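Read the structure below first, then the notes.
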Amino acid sequence: MTTAPLLTVHTLRKAYGERLLFDVERLDIEAGGAYVLTGANGTGKSTLLRMLGGLERCDSCTVELDGRRLPLYPYPALLRRAVVYVHQHPIMFSTSVGHNIAYGLLARGVNGHDARPLVEEAMAWAGVAHLRHSDPVRLSGGEKQRVALARARLLKPRLLLLDEPTANLDGQAREQVIALIPTLVEQGRSVVMACHDRDLIGLPGVRRLKLRDGRLESR
Amino acid sequence: MGLLDAIRHAFALLFSGDAALWHIVWVSLKTSILGLLFATPPAVLLGYLIAMHRFPGRRIAVWLAQAALSLPTVLIGLLLYLLLSRRGPMGGLEWLFSQPGIVLGQCIIGLPVLLAFTLAAVQALDPRYAETALAHGASRARVMFTVLHEARYGVMAAVISGFGRVISEVGCALMVGGNIEGQTRTITTAIALETSKGEFAQGIALGIVLVSIALLMNGALVLLQGEAHNPGARL
């Protein structure tokens with residue numbers, strides 16, 4: 001059964017000089033759908049996610065969100081509220097873990113008092129409650145990734161863009177991050193992940209998008 | 001007077017609570033701090049904007065900001081003298097040979113230092129800070145405050161370097177302030193005057209104050225930066 005797309009990307013193009021890097025005719029992202037974006041190194045998986053997250057310019061592209069046609073650049077406020085991008089190596093602001101997780105809520109005008117229970121719930125979800133007062137600079141890669149996922153999830157984005165969420169993680173840290181992804185989808189979030197990780201690609205219900213020569217192939 | 005005698009006399013002046021000497025120190029501190037207070041907000045804002053945005057002429061702006069670092073203060077003094085003199089376009093303010101005139105000069109001298117150092121600090125910061133703030137819905141102003149908070153040690157270094165430059169300059173303070181005793185005489189202009197008169201003791205005493213201020217300011221920066229965030233190499 002196919003559900004209505006949350007976001008439809010139309011004719012996304014980006015070139016560097018004469019070289020056309022992206023020529024994506026159409027991409028439908030369903031509400032509550034999970035996708036992995038695969039492709040060889042250097043094919044532009046991260047750049048594509050960054051463009052969808054409003055962190056990089058595209059030469060031309062329109063998107064459709066809730067039936068409204070919007071440009072991808074300049075990035076509209078409506079998309080900014082609906083989409084959150086998480087870096088491959090998430091950056092932590094130099095404050096406590098709790099404040100890092102609350103960052104987006106506070107940036108959106110939620111006061112600290114109202115944010116506190118939401119932050120507690122997000123920390124419990126990501127299994128980082130014990131790190132509440134830790135210096136985020138000293139967290140391990142896996143802990144940083146889980147804090148970043150909690151920080152993003154707290155904003156209740158309709159679409160999460162995760163750039164290689166398990167890259168450079170191994171063992172338990174990797175498993176803990178992988179375990180969080182299906183719960184995001186169960187909560188109704190759409191998730192697009194750039195990755196090579198076979199365990200992420202093999203998660204139930206995850207659809208595969210392959211980027212090759214700047215074009216997307218659905219599998 | 002021999003050097004040792006001059007030094008001994010200088011310390012005696014410092015600890016005797018010589019009112020004239022400490023008034024000179026007060027004028028220096030007041031004009032430098034005020035000049036820096038006026039220069040810091042626009043300089044930090046401009047430094048941030050130049051560092052974070054791509055626009056036509058950006059490289060020229062960076063070049064001018066860095067070139068302004070080496071502007072001789074005496075030239076700034078000359079320009080201000082012409083602007084503030086009775087027949088100059090700003091003559092109506094009557095700021096020539098007054099403390100507001102010195103403050104304006106210190107502000108102009110400090111601005112490029114603050115701007116260039118802030119620009120360098122923000123440019124050196126990992127771009128993911130701004131991207132993460134933006135991706136989590138921060139407004140432009142909030143992104144700026146987040147980035148400046150993360151680059152705060154660089155910005156603090158900018159302020160302290162700016163302070164060092166304005167409190168130690170002599171050319172502009174002399175030309176715009178006029179070195180009037182009890183009014184516009186600063187540490188540096190007093191040292192220049194006392195040395196020219198052969199009165200080394202007060203010059204040395206003021207020099208000790210100037211060096212102490214520099215040590216205190218830089219010590220404060222080292223303390224604020226802290227060991228934890230700047231461990232350096234441990235071999």
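Labels for the structure tokens follow display order: chains A, B, ..., residues from 1 in each chain, ligands from 1.
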(request) Can you check which residues of chain A DSSP gives as strand (DSSP E) on the backbone and send them as a PyMOL selection string? (result) chain A and resi 5-16+19-30+34-38+60-65+68-71+83-86+159-163+190-194+206-212+215-218
Where does chain A meet chain B within 10 Å, residue by residue, with the nearest atom pair and distance in Å to one decimal for each, counting only C-alpha atoms, listed by chain and rising number, as CSV?
```
residue,atom,partner,partner_atom,distance
A:Arg50,CA,B:Glu131,CA,9.8
A:Gly53,CA,B:Ala135,CA,7.1
A:Gly54,CA,B:Ala135,CA,7.7
A:Leu55,CA,B:Glu131,CA,6.7
A:Glu56,CA,B:Glu131,CA,9.9
A:Ala77,CA,B:Gly137,CA,8.6
A:Leu79,CA,B:Gly137,CA,9.9
A:Arg80,CA,B:Gly137,CA,6.2
A:Arg81,CA,B:Gly137,CA,6.6
A:Ala82,CA,B:Gly137,CA,9.6
A:Val83,CA,B:Ala135,CA,7.9
A:Val84,CA,B:Ala135,CA,5.6
A:Tyr85,CA,B:Ala135,CA,5.9
A:Val86,CA,B:Thr132,CA,7.6
A:His87,CA,B:Arg128,CA,7.9
A:His89,CA,B:Arg128,CA,9.1
A:Pro90,CA,B:Arg128,CA,7.9
A:Ile91,CA,B:Arg128,CA,6.3
A:Met92,CA,B:Tyr129,CA,7.8
A:Phe93,CA,B:Glu150,CA,7.2
A:Ser94,CA,B:Glu150,CA,6.8
A:Thr95,CA,B:Glu150,CA,9.7
A:Tyr103,CA,B:His136,CA,7.5
A:Gly104,CA,B:His136,CA,4.8
A:Leu105,CA,B:His136,CA,8.2
A:Leu106,CA,B:Ala138,CA,8.7
A:Ala107,CA,B:Ala138,CA,4.9
A:Arg108,CA,B:Gly137,CA,6.4
A:Gly109,CA,B:Ala138,CA,9.5
A:Val137,CA,B:His229,CA,9.2
A:Ala148,CA,B:Thr132,CA,9.6
A:Arg151,CA,B:His136,CA,8.3
A:Ala152,CA,B:His136,CA,7.1
A:Leu154,CA,B:His136,CA,9.9
A:Leu155,CA,B:His136,CA,7.8
A:Pro157,CA,B:His136,CA,9.6
```
(request) Write out as a ChimeraX atom specification the residues lying within 9 Å of B:Arg165, counting only C-alpha atoms and excluding same-chain residues fewer than 3 positions away. (result) /B:106,109-110,113,160-162,168-169
Suppose we keep C-alpha atoms; can you now write the selection as a PDB file, in the first residue's frame?
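The resulting file, out17.pdb, is reproduced below:
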```pdb
ATOM      1  CA  GLN B 106      40.693  54.783  20.507  1.00  0.00           C
ATOM      2  CA  ILE B 109      42.170  52.343  16.391  1.00  0.00           C
ATOM      3  CA  GLY B 110      40.563  49.378  18.189  1.00  0.00           C
ATOM      4  CA  VAL B 113      41.936  44.832  15.575  1.00  0.00           C
ATOM      5  CA  ILE B 160      42.149  42.016  24.828  1.00  0.00           C
ATOM      6  CA  SER B 161      44.353  42.627  21.783  1.00  0.00           C
ATOM      7  CA  GLY B 162      42.229  45.660  20.937  1.00  0.00           C
ATOM      8  CA  SER B 168      49.534  51.594  24.387  1.00  0.00           C
ATOM      9  CA  GLU B 169      49.152  53.922  21.420  1.00  0.00           C
TER      10      GLU B 169
END
```
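One finds atom CA of B:Pro41 at 27.6 Å from atom CA of B:Thr189.
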(request) Apply DSSP to the structure's backbone, then extract all residues of stretch 26-213 of chain A labelled alpha helix (DSSP H) and return them as number ranges by chain. (result) A: 45-52, 77-82, 97-107, 112-126, 141-153, 171-186, 198-201
